[in-house]
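J.: So I've got this file, query38.cif, and it contains mmCIF, C-alpha atoms, pLDDT in the B column; chains and numbers go by the auth columns:
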```cif
data_data
#
loop_
_atom_site.group_PDB
_atom_site.id
_atom_site.type_symbol
_atom_site.label_atom_id
_atom_site.label_comp_id
_atom_site.label_asym_id
_atom_site.label_seq_id
_atom_site.Cartn_x
_atom_site.Cartn_y
_atom_site.Cartn_z
_atom_site.B_iso_or_equiv
_atom_site.auth_seq_id
_atom_site.auth_asym_id
ATOM 1 C CA MET A 1 0.000 0.000 0.000 47.00 1 A
ATOM 2 C CA THR A 2 2.968 2.256 -0.645 47.00 2 A
ATOM 3 C CA GLY A 3 1.850 5.846 -1.098 54.00 3 A
ATOM 4 C CA ALA A 4 -1.777 5.040 -0.268 66.00 4 A
ATOM 5 C CA PRO A 5 -3.509 5.908 2.978 76.00 5 A
ATOM 6 C CA VAL A 6 -3.556 2.991 5.368 83.00 6 A
ATOM 7 C CA PRO A 7 -6.830 1.949 6.955 84.00 7 A
ATOM 8 C CA PRO A 8 -7.231 2.840 10.615 88.00 8 A
ATOM 9 C CA MET A 9 -6.533 0.275 13.291 95.00 9 A
ATOM 10 C CA GLY A 10 -7.225 -0.135 16.962 95.00 10 A
ATOM 11 C CA ARG A 11 -4.519 -0.041 19.581 98.00 11 A
ATOM 12 C CA LEU A 12 -2.120 -2.981 19.578 98.00 12 A
ATOM 13 C CA PHE A 13 0.477 -3.929 22.164 98.00 13 A
ATOM 14 C CA CYS A 14 3.138 -6.511 21.448 98.00 14 A
ATOM 15 C CA VAL A 15 4.120 -7.922 24.823 98.00 15 A
ATOM 16 C CA GLY A 16 6.573 -10.716 24.013 98.00 16 A
ATOM 17 C CA ASP A 17 9.781 -11.204 25.945 98.00 17 A
ATOM 18 C CA GLU A 18 13.178 -10.085 24.702 96.00 18 A
ATOM 19 C CA LYS A 19 14.496 -11.937 21.647 95.00 19 A
ATOM 20 C CA THR A 20 11.066 -13.168 20.540 97.00 20 A
ATOM 21 C CA GLY A 21 10.433 -10.826 17.604 96.00 21 A
ATOM 22 C CA THR A 22 9.023 -7.650 19.140 96.00 22 A
ATOM 23 C CA HIS A 23 11.291 -5.600 16.873 95.00 23 A
ATOM 24 C CA SER A 24 9.907 -7.413 13.827 95.00 24 A
ATOM 25 C CA VAL A 25 6.298 -6.823 14.852 96.00 25 A
ATOM 26 C CA ALA A 26 6.936 -3.094 15.135 96.00 26 A
ATOM 27 C CA GLY A 27 8.603 -3.180 11.714 95.00 27 A
ATOM 28 C CA LEU A 28 5.618 -4.907 10.127 96.00 28 A
ATOM 29 C CA PHE A 29 3.384 -2.040 11.218 96.00 29 A
ATOM 30 C CA SER A 30 5.768 0.687 10.034 95.00 30 A
ATOM 31 C CA ALA A 31 3.007 2.284 7.953 95.00 31 A
ATOM 32 C CA TYR A 32 1.279 3.121 11.218 97.00 32 A
ATOM 33 C CA ARG A 33 2.394 4.947 14.337 97.00 33 A
ATOM 34 C CA ALA A 34 4.470 2.038 15.570 97.00 34 A
ATOM 35 C CA GLU A 35 7.567 1.977 17.753 97.00 35 A
ATOM 36 C CA HIS A 36 9.797 -0.666 19.245 97.00 36 A
ATOM 37 C CA GLU A 37 10.542 -0.153 22.948 97.00 37 A
ATOM 38 C CA PRO A 38 9.339 3.471 22.966 98.00 38 A
ATOM 39 C CA GLU A 39 10.776 5.493 25.831 98.00 39 A
ATOM 40 C CA ALA A 40 12.447 2.346 27.139 97.00 40 A
ATOM 41 C CA HIS A 41 14.917 4.304 29.250 95.00 41 A
ATOM 42 C CA ASP A 42 12.031 6.026 31.040 97.00 42 A
ATOM 43 C CA LEU A 43 9.924 2.914 31.553 98.00 43 A
ATOM 44 C CA ARG A 44 12.814 0.633 32.513 97.00 44 A
ATOM 45 C CA PRO A 45 13.538 2.336 35.893 97.00 45 A
ATOM 46 C CA LEU A 46 9.855 2.084 36.776 98.00 46 A
ATOM 47 C CA VAL A 47 9.856 -1.627 36.001 98.00 47 A
ATOM 48 C CA GLU A 48 13.008 -2.051 38.063 98.00 48 A
ATOM 49 C CA ALA A 49 11.433 -0.246 41.016 98.00 49 A
ATOM 50 C CA ARG A 50 8.351 -2.426 40.687 97.00 50 A
ATOM 51 C CA LEU A 51 10.391 -5.613 40.707 97.00 51 A
ATOM 52 C CA ARG A 52 12.268 -4.364 43.784 97.00 52 A
ATOM 53 C CA GLY A 53 8.959 -3.587 45.462 97.00 53 A
ATOM 54 C CA ASP A 54 9.563 0.135 45.938 97.00 54 A
ATOM 55 C CA LEU A 55 7.555 1.719 43.102 97.00 55 A
ATOM 56 C CA PRO A 56 5.438 4.632 44.415 97.00 56 A
ATOM 57 C CA GLU A 57 1.704 4.077 44.117 95.00 57 A
ATOM 58 C CA GLY A 58 0.291 5.498 40.893 95.00 58 A
ATOM 59 C CA ALA A 59 3.717 6.055 39.312 97.00 59 A
ATOM 60 C CA LEU A 60 3.039 3.818 36.326 97.00 60 A
ATOM 61 C CA ASP A 61 -0.339 5.373 35.603 97.00 61 A
ATOM 62 C CA ARG A 62 1.142 8.869 35.783 97.00 62 A
ATOM 63 C CA TYR A 63 3.921 7.833 33.428 98.00 63 A
ATOM 64 C CA LEU A 64 1.470 6.241 30.964 98.00 64 A
ATOM 65 C CA ASP A 65 -0.721 9.367 31.040 98.00 65 A
ATOM 66 C CA GLY A 66 2.243 11.420 29.853 98.00 66 A
ATOM 67 C CA LYS A 67 3.373 8.814 27.363 98.00 67 A
ATOM 68 C CA ASP A 68 -0.066 8.711 25.728 96.00 68 A
ATOM 69 C CA GLU A 69 0.120 12.458 25.226 97.00 69 A
ATOM 70 C CA ARG A 70 3.643 12.362 23.831 97.00 70 A
ATOM 71 C CA LEU A 71 3.284 9.231 21.739 96.00 71 A
ATOM 72 C CA PRO A 72 -0.230 8.461 20.500 94.00 72 A
ATOM 73 C CA LEU A 73 0.844 5.085 19.165 97.00 73 A
ATOM 74 C CA ASP A 74 -1.135 2.530 17.220 98.00 74 A
ATOM 75 C CA VAL A 75 1.439 -0.193 17.916 98.00 75 A
ATOM 76 C CA ASP A 76 3.626 -0.302 21.023 98.00 76 A
ATOM 77 C CA SER A 77 5.981 -3.276 20.897 98.00 77 A
ATOM 78 C CA SER A 78 8.213 -3.984 23.886 98.00 78 A
ATOM 79 C CA PHE A 79 9.032 -6.701 26.378 98.00 79 A
ATOM 80 C CA LEU A 80 8.601 -4.011 29.029 98.00 80 A
ATOM 81 C CA ASN A 81 4.888 -4.073 28.190 98.00 81 A
ATOM 82 C CA GLY A 82 4.812 -7.652 29.380 98.00 82 A
ATOM 83 C CA GLU A 83 6.265 -6.596 32.701 98.00 83 A
ATOM 84 C CA ILE A 84 3.350 -4.211 33.268 98.00 84 A
ATOM 85 C CA ILE A 85 0.644 -6.267 31.570 98.00 85 A
ATOM 86 C CA ASP A 86 -1.555 -6.160 34.689 98.00 86 A
ATOM 87 C CA VAL A 87 -1.615 -2.364 34.417 98.00 87 A
ATOM 88 C CA LEU A 88 -2.057 -2.176 30.638 98.00 88 A
ATOM 89 C CA VAL A 89 -5.060 -4.496 30.318 98.00 89 A
ATOM 90 C CA PRO A 90 -7.499 -2.605 32.589 97.00 90 A
ATOM 91 C CA ARG A 91 -6.184 0.717 31.322 97.00 91 A
ATOM 92 C CA TYR A 92 -6.671 -0.186 27.647 97.00 92 A
ATOM 93 C CA PRO A 93 -9.552 -2.694 27.716 94.00 93 A
ATOM 94 C CA ASP A 94 -10.226 -2.363 23.979 96.00 94 A
ATOM 95 C CA ALA A 95 -6.617 -2.912 22.932 98.00 95 A
ATOM 96 C CA ARG A 96 -5.347 -6.145 21.445 98.00 96 A
ATOM 97 C CA TYR A 97 -2.244 -7.910 22.687 98.00 97 A
ATOM 98 C CA VAL A 98 0.265 -9.998 20.751 98.00 98 A
ATOM 99 C CA LEU A 99 2.459 -12.383 22.686 98.00 99 A
ATOM 100 C CA THR A 100 5.418 -13.357 20.534 98.00 100 A
ATOM 101 C CA LEU A 101 6.742 -16.670 21.780 98.00 101 A
ATOM 102 C CA ARG A 102 10.002 -18.403 20.943 97.00 102 A
ATOM 103 C CA GLU A 103 10.899 -22.033 21.567 98.00 103 A
ATOM 104 C CA PRO A 104 12.754 -21.967 24.931 98.00 104 A
ATOM 105 C CA ARG A 105 16.078 -23.374 23.771 98.00 105 A
ATOM 106 C CA SER A 106 16.213 -21.011 20.797 97.00 106 A
ATOM 107 C CA TRP A 107 15.179 -18.122 23.038 97.00 107 A
ATOM 108 C CA LEU A 108 17.894 -18.941 25.571 98.00 108 A
ATOM 109 C CA ASP A 109 20.581 -19.133 22.902 96.00 109 A
ATOM 110 C CA SER A 110 19.582 -15.768 21.468 95.00 110 A
ATOM 111 C CA LYS A 111 19.254 -14.227 24.924 95.00 111 A
ATOM 112 C CA ILE A 112 22.733 -15.382 25.923 95.00 112 A
ATOM 113 C CA ASN A 113 24.218 -14.082 22.681 94.00 113 A
ATOM 114 C CA GLN A 114 22.635 -10.701 23.397 91.00 114 A
ATOM 115 C CA MET A 115 23.841 -10.582 26.994 92.00 115 A
ATOM 116 C CA VAL A 116 27.408 -11.530 26.100 92.00 116 A
ATOM 117 C CA THR A 117 27.564 -9.052 23.219 90.00 117 A
ATOM 118 C CA TYR A 118 25.793 -6.087 24.831 80.00 118 A
ATOM 119 C CA ARG A 119 26.682 -5.218 28.428 79.00 119 A
ATOM 120 C CA SER A 120 25.193 -1.758 28.737 78.00 120 A
ATOM 121 C CA PRO A 121 25.260 -0.748 32.425 82.00 121 A
ATOM 122 C CA ARG A 122 21.800 0.762 32.021 83.00 122 A
ATOM 123 C CA TRP A 123 20.271 -2.715 31.588 88.00 123 A
ATOM 124 C CA LEU A 124 22.322 -4.745 34.060 90.00 124 A
ATOM 125 C CA GLU A 125 20.085 -4.113 37.078 93.00 125 A
ATOM 126 C CA LEU A 126 16.935 -5.106 35.204 95.00 126 A
ATOM 127 C CA ARG A 127 18.605 -8.276 33.971 94.00 127 A
ATOM 128 C CA ALA A 128 19.637 -9.165 37.510 95.00 128 A
ATOM 129 C CA LEU A 129 16.152 -8.460 38.854 97.00 129 A
ATOM 130 C CA ARG A 130 14.562 -10.606 36.181 97.00 130 A
ATOM 131 C CA HIS A 131 16.999 -13.498 35.898 97.00 131 A
ATOM 132 C CA GLY A 132 18.828 -13.431 39.208 95.00 132 A
ATOM 133 C CA PRO A 133 22.475 -12.713 40.007 91.00 133 A
ATOM 134 C CA PRO A 134 25.335 -14.422 38.143 92.00 134 A
ATOM 135 C CA GLU A 135 26.139 -16.760 41.000 95.00 135 A
ATOM 136 C CA GLY A 136 25.192 -20.111 42.487 96.00 136 A
ATOM 137 C CA HIS A 137 25.809 -22.125 39.322 98.00 137 A
ATOM 138 C CA PRO A 138 26.018 -25.910 39.499 98.00 138 A
ATOM 139 C CA PRO A 139 29.170 -27.448 37.968 98.00 139 A
ATOM 140 C CA GLU A 140 27.322 -28.219 34.729 98.00 140 A
ATOM 141 C CA GLU A 141 26.865 -24.487 34.137 98.00 141 A
ATOM 142 C CA ALA A 142 30.483 -23.384 34.319 98.00 142 A
ATOM 143 C CA ALA A 143 30.165 -21.848 30.833 98.00 143 A
ATOM 144 C CA LEU A 144 27.542 -19.449 32.204 98.00 144 A
ATOM 145 C CA ALA A 145 29.450 -18.675 35.395 97.00 145 A
ATOM 146 C CA GLU A 146 32.638 -17.866 33.481 96.00 146 A
ATOM 147 C CA ARG A 147 30.787 -15.267 31.430 95.00 147 A
ATOM 148 C CA GLY A 148 28.976 -13.656 34.345 94.00 148 A
ATOM 149 C CA LEU A 149 25.576 -14.967 33.221 96.00 149 A
ATOM 150 C CA PRO A 150 22.627 -16.125 35.353 97.00 150 A
ATOM 151 C CA THR A 151 21.905 -19.773 36.039 98.00 151 A
ATOM 152 C CA LEU A 152 19.642 -21.873 33.831 98.00 152 A
ATOM 153 C CA ASP A 153 17.120 -21.768 36.685 98.00 153 A
ATOM 154 C CA GLY A 154 17.276 -17.981 36.507 98.00 154 A
ATOM 155 C CA PHE A 155 16.798 -17.865 32.751 98.00 155 A
ATOM 156 C CA PHE A 156 14.051 -20.443 32.361 98.00 156 A
ATOM 157 C CA SER A 157 12.073 -19.581 35.503 98.00 157 A
ATOM 158 C CA GLU A 158 11.895 -15.958 34.354 98.00 158 A
ATOM 159 C CA TYR A 159 10.785 -16.962 30.861 98.00 159 A
ATOM 160 C CA ALA A 160 8.024 -19.078 32.375 98.00 160 A
ATOM 161 C CA ARG A 161 7.000 -16.344 34.847 98.00 161 A
ATOM 162 C CA PHE A 162 6.875 -13.683 32.153 98.00 162 A
ATOM 163 C CA ASN A 163 4.706 -15.627 29.720 98.00 163 A
ATOM 164 C CA THR A 164 2.456 -16.984 32.453 98.00 164 A
ATOM 165 C CA ARG A 165 1.653 -13.453 33.638 98.00 165 A
ATOM 166 C CA VAL A 166 0.674 -12.337 30.147 98.00 166 A
ATOM 167 C CA VAL A 167 -1.655 -15.286 29.606 98.00 167 A
ATOM 168 C CA ALA A 168 -3.162 -14.818 33.062 98.00 168 A
ATOM 169 C CA HIS A 169 -4.018 -11.148 32.515 98.00 169 A
ATOM 170 C CA VAL A 170 -5.216 -11.015 28.891 98.00 170 A
ATOM 171 C CA THR A 171 -8.501 -12.628 27.949 97.00 171 A
ATOM 172 C CA PRO A 172 -8.242 -15.117 25.056 97.00 172 A
ATOM 173 C CA GLU A 173 -10.282 -13.002 22.643 97.00 173 A
ATOM 174 C CA ARG A 174 -7.829 -10.116 23.100 98.00 174 A
ATOM 175 C CA LEU A 175 -4.659 -12.207 22.866 98.00 175 A
ATOM 176 C CA LEU A 176 -2.805 -13.583 19.856 98.00 176 A
ATOM 177 C CA VAL A 177 0.054 -15.951 20.636 98.00 177 A
ATOM 178 C CA LEU A 178 2.387 -15.795 17.650 97.00 178 A
ATOM 179 C CA ARG A 179 5.428 -18.020 17.457 97.00 179 A
ATOM 180 C CA THR A 180 8.604 -16.209 16.465 96.00 180 A
ATOM 181 C CA PRO A 181 9.229 -18.349 13.336 94.00 181 A
ATOM 182 C CA ASP A 182 5.657 -17.634 12.212 95.00 182 A
ATOM 183 C CA ILE A 183 5.832 -13.843 12.261 95.00 183 A
ATOM 184 C CA ARG A 184 6.469 -13.608 8.513 92.00 184 A
ATOM 185 C CA ALA A 185 4.823 -16.840 7.395 91.00 185 A
ATOM 186 C CA HIS A 186 1.574 -16.026 9.180 93.00 186 A
ATOM 187 C CA ALA A 187 1.550 -12.267 8.906 95.00 187 A
ATOM 188 C CA ASP A 188 -1.965 -12.657 7.509 96.00 188 A
ATOM 189 C CA ARG A 189 -3.097 -13.901 10.905 96.00 189 A
ATOM 190 C CA LEU A 190 -1.478 -10.928 12.600 97.00 190 A
ATOM 191 C CA ALA A 191 -3.097 -8.523 10.141 97.00 191 A
ATOM 192 C CA ALA A 192 -6.527 -10.061 10.677 97.00 192 A
ATOM 193 C CA PHE A 193 -6.092 -9.885 14.448 97.00 193 A
ATOM 194 C CA ALA A 194 -5.139 -6.194 14.193 97.00 194 A
ATOM 195 C CA GLY A 195 -8.066 -5.532 11.860 96.00 195 A
ATOM 196 C CA VAL A 196 -6.002 -4.362 8.881 96.00 196 A
ATOM 197 C CA PRO A 197 -5.442 -5.837 5.414 96.00 197 A
ATOM 198 C CA LEU A 198 -2.316 -7.872 4.849 96.00 198 A
ATOM 199 C CA ASP A 199 -0.985 -5.385 2.295 94.00 199 A
ATOM 200 C CA ALA A 200 -0.891 -2.736 5.030 95.00 200 A
ATOM 201 C CA LEU A 201 2.014 -4.615 6.621 96.00 201 A
ATOM 202 C CA ALA A 202 5.641 -4.136 5.601 93.00 202 A
ATOM 203 C CA LEU A 203 6.529 -7.797 5.100 91.00 203 A
ATOM 204 C CA GLU A 204 10.102 -6.932 4.151 83.00 204 A
ATOM 205 C CA ARG A 205 10.625 -5.811 7.759 71.00 205 A
ATOM 206 C CA SER A 206 9.457 -9.053 9.357 60.00 206 A
ATOM 207 C CA HIS A 207 12.884 -10.202 10.555 64.00 207 A
ATOM 208 C CA GLU A 208 14.565 -7.179 12.039 58.00 208 A
ATOM 209 C CA PHE A 209 17.383 -6.918 14.566 57.00 209 A
ATOM 210 C CA GLN A 210 18.911 -10.324 14.137 61.00 210 A
ATOM 211 C CA GLY A 211 21.653 -11.023 16.644 57.00 211 A
ATOM 212 C CA PRO A 212 24.979 -10.047 15.041 60.00 212 A
ATOM 213 C CA VAL A 213 27.186 -12.517 16.949 79.00 213 A
ATOM 214 C CA LYS A 214 26.686 -16.136 18.008 88.00 214 A
ATOM 215 C CA HIS A 215 28.810 -17.258 20.943 91.00 215 A
ATOM 216 C CA HIS A 216 27.732 -20.940 21.036 93.00 216 A
ATOM 217 C CA VAL A 217 27.671 -20.951 24.830 97.00 217 A
ATOM 218 C CA LEU A 218 25.007 -23.666 24.981 97.00 218 A
ATOM 219 C CA ASP A 219 27.368 -26.011 23.164 97.00 219 A
ATOM 220 C CA GLU A 220 29.473 -26.012 26.343 98.00 220 A
ATOM 221 C CA ILE A 221 26.616 -27.204 28.573 98.00 221 A
ATOM 222 C CA ASP A 222 25.741 -30.871 28.939 98.00 222 A
ATOM 223 C CA PRO A 223 22.613 -31.428 26.784 98.00 223 A
ATOM 224 C CA ALA A 224 20.942 -33.636 29.384 98.00 224 A
ATOM 225 C CA HIS A 225 21.334 -30.969 32.070 98.00 225 A
ATOM 226 C CA LEU A 226 20.032 -28.285 29.713 98.00 226 A
ATOM 227 C CA ASP A 227 17.020 -30.408 28.739 98.00 227 A
ATOM 228 C CA ALA A 228 16.206 -31.170 32.367 98.00 228 A
ATOM 229 C CA LYS A 229 16.209 -27.484 33.324 98.00 229 A
ATOM 230 C CA LEU A 230 14.187 -26.525 30.255 98.00 230 A
ATOM 231 C CA HIS A 231 11.477 -29.056 31.000 98.00 231 A
ATOM 232 C CA GLU A 232 11.490 -28.314 34.722 98.00 232 A
ATOM 233 C CA HIS A 233 10.466 -24.728 34.101 98.00 233 A
ATOM 234 C CA CYS A 234 8.726 -24.751 30.720 98.00 234 A
ATOM 235 C CA ASP A 235 6.576 -27.891 30.691 98.00 235 A
ATOM 236 C CA ALA A 236 3.754 -26.295 32.683 98.00 236 A
ATOM 237 C CA LEU A 237 2.926 -23.511 30.233 97.00 237 A
ATOM 238 C CA VAL A 238 5.591 -22.380 27.773 98.00 238 A
ATOM 239 C CA LEU A 239 6.010 -25.562 25.743 97.00 239 A
ATOM 240 C CA PRO A 240 2.270 -26.381 25.606 97.00 240 A
ATOM 241 C CA LEU A 241 1.510 -22.785 24.648 97.00 241 A
ATOM 242 C CA TYR A 242 4.165 -22.887 21.941 97.00 242 A
ATOM 243 C CA GLU A 243 2.766 -26.121 20.529 96.00 243 A
ATOM 244 C CA ALA A 244 -0.802 -24.839 20.698 96.00 244 A
ATOM 245 C CA ALA A 245 0.172 -21.766 18.696 95.00 245 A
ATOM 246 C CA ALA A 246 1.504 -23.875 15.821 90.00 246 A
ATOM 247 C CA LEU A 247 -0.315 -23.435 12.525 68.00 247 A
ATOM 248 C CA ASP A 248 -0.535 -25.786 9.567 45.00 248 A
#
```
Could you write out this file's structure as structure tokens?

T.:
Amino acid sequence: MTGAPVPPMGRLFCVGDEKTGTHSVAGLFSAYRAEHEPEAHDLRPLVEARLRGDLPEGALDRYLDGKDERLPLDVDSSFLNGEIIDVLVPRYPDARYVLTLREPRSWLDSKINQMVTYRSPRWLELRALRHGPPEGHPPEEAALAERGLPTLDGFFSEYARFNTRVVAHVTPERLLVLRTPDIRAHADRLAAFAGVPLDALALERSHEFQGPVKHHVLDEIDPAHLDAKLHEHCDALVLPLYEAAALD
């Protein structure tokens, strides 16, 4: 629809975790007022304070009031949205929510690659609050300890917690679970969910921000130990949800 007016759409939040395709979802809706992690450096400290348990009452609502005035977005795509999903849903009851979901082993590999490559001090506290400190590793996880990374328990328990909260707070009719590998292949489903025609989406932007470096850290961890930790934390919801979201 290049050069043509795009049809209007209702408000859409992408609430998937890091490294699940939130950047790609924002790119698909580039014809609209869409942003990836808008004002992340303002929202991040609020999320950190919330996870620490010292966020002042009403602080998130006051922040969102100002954000809505500054950025009247159609599409707001950020893992930080998932961290405040319990605030977003009652505040925007008519919005739709997309949960991008990546297979846990693939997600972990991409997450580790990101954390090894990018060590911005601004994000270290949030990572520690979400995944736990880089300590207490069993012998099988020496590869993680040597690189100052959290334990597998820290990674997988957080992934399970994050996705469980989203599913618990968004009613099924307002939630689309979209597997990361399906973002491009099933963009038609995303378009229908958002209430726009497929040709309103920028399909050429469906795989943005690919990790530039692969460190192969998981290759240094015993596969049986990795599998055991994955299933310990992800069998209850993440893996069934991922399988249920599969499309023919």

J.: I'd like the contact shell of A:Leu237 - 10 Å cut-off, all atoms listed in the file, skipping same-chain residues fewer than 5 positions apart - returned as JSON, numbers by chain.

T.: {"A": [160, 161, 163, 164, 167, 242]}

J.: List every protein, DNA or RNA residue that has at least one atom no more than 10 Å from (-7.2, -6.5, 12.6) in the file's coordinates, counting all atoms listed in the file, and write the result as a list in words.

T.: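 The answer, in the requested form, is Pro8, Met9, Gly10, Arg11, Leu12, Arg96, Asp188, Arg189, Leu190, Ala191, Ala192, Phe193, Ala194, Gly195, Val196, Pro197 and Leu198 of chain A.
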
J.: So, counting all atoms listed in the file, which residue among A:Leu218, A:Ala95, A:Val170, A:Val238 is closest to A:Ser157?

T.: A:Val238

J.: Using all atoms listed in the file, which residues sit within 6 Å of A:Phe13 once same-chain residues fewer than 4 positions away are excluded, as a ChimeraX atom specification?

T.: /A:75-77,97

J.: Those residues with C-alpha atoms, as a CSV table (one decimal), keeping the file's coordinate frame please?

T.:
```csv
chain,number,residue,atom,x,y,z
A,75,VAL,CA,1.4,-0.2,17.9
A,76,ASP,CA,3.6,-0.3,21.0
A,77,SER,CA,6.0,-3.3,20.9
A,97,TYR,CA,-2.2,-7.9,22.7
```

J.: Between A:Ala145, A:Glu103, A:Gln114, A:Asp109, which residue has the minimum interatomic distance to A:Asp219, considering all atoms listed in the file?

T.: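 When distances to A:Asp219 are compared using all atoms listed in the file, the smallest one comes from A:Asp109.
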
J.: Using only C-alpha atoms, which residues of stretch 12-125 of chain A come within 9 Å of stretch 153-156 of chain A, and what is the closest atom pair for each, with the distance in Å to one decimal? Give it as JSON lines, sorted by chain and residue number.

T.:
```
{"residue": "A:Pro104", "atom": "CA", "partner": "A:Phe156", "partner_atom": "CA", "distance": 7.7}
{"residue": "A:Leu108", "atom": "CA", "partner": "A:Phe155", "partner_atom": "CA", "distance": 7.3}
{"residue": "A:Lys111", "atom": "CA", "partner": "A:Phe155", "partner_atom": "CA", "distance": 9.0}
```

J.: For the residues selected in the previous step, produce a file with C-alpha atoms as a compact mmCIF listing (two decimals), keeping the file's coordinate frame.

T.:
```txt
# COMPACT_ATOMS: atom_id res chain seq x y z
CA PRO A 104 12.75 -21.97 24.93
CA LEU A 108 17.89 -18.94 25.57
CA LYS A 111 19.25 -14.23 24.92
```

J.: Taking the file above as input, evaluate the PyMOL selection byres ((chain A and resi 166) around 10) and report the hits as a list in words.

T.: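 Applied to this file, the PyMOL selection byres ((chain A and resi 166) around 10) returns Val15, Gly16, Asn81, Gly82, Glu83, Ile84, Ile85, Asp86, Val89, Tyr97, Val98, Leu99, Arg161, Phe162, Asn163, Thr164, Arg165, Val167, Ala168, His169, Val170, Thr171 and Leu175 of chain A.
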
J.: Tell me, in Å to one decimal, how far atom CA of A:Asp61 is from atom CA of A:Leu73.

T.: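 Between atom CA of A:Asp61 and atom CA of A:Leu73 the gap is 16.5 Å.
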
J.: Would you mind telling me which residue in A:Asp65, A:Leu230, A:Asp199, A:Glu243 lies nearest to A:Leu28 when using all atoms listed in the file?

T.: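 So, comparing all the options, the nearest one is A:Asp199.
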
J.: Measure the distance from atom CA of A:Leu129 to atom CA of A:Leu51 in Å and round it to one decimal.

T.: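 Atom-to-atom, atom CA of A:Leu129 to atom CA of A:Leu51, that is 6.7 Å.
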
J.: Compare A:Leu80, A:Leu55, A:Ala187, A:Leu178 by their minimum atom-to-atom distance to A:His36, counting only C-alpha atoms, and give me the closest one.

T.: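 Under the stated criterion, the closest residue is A:Leu80.
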
J.: Which value, in Å to one decimal, gives the distance between atom CA of A:His225 and atom CA of A:Pro240?

T.: 20.6 Å
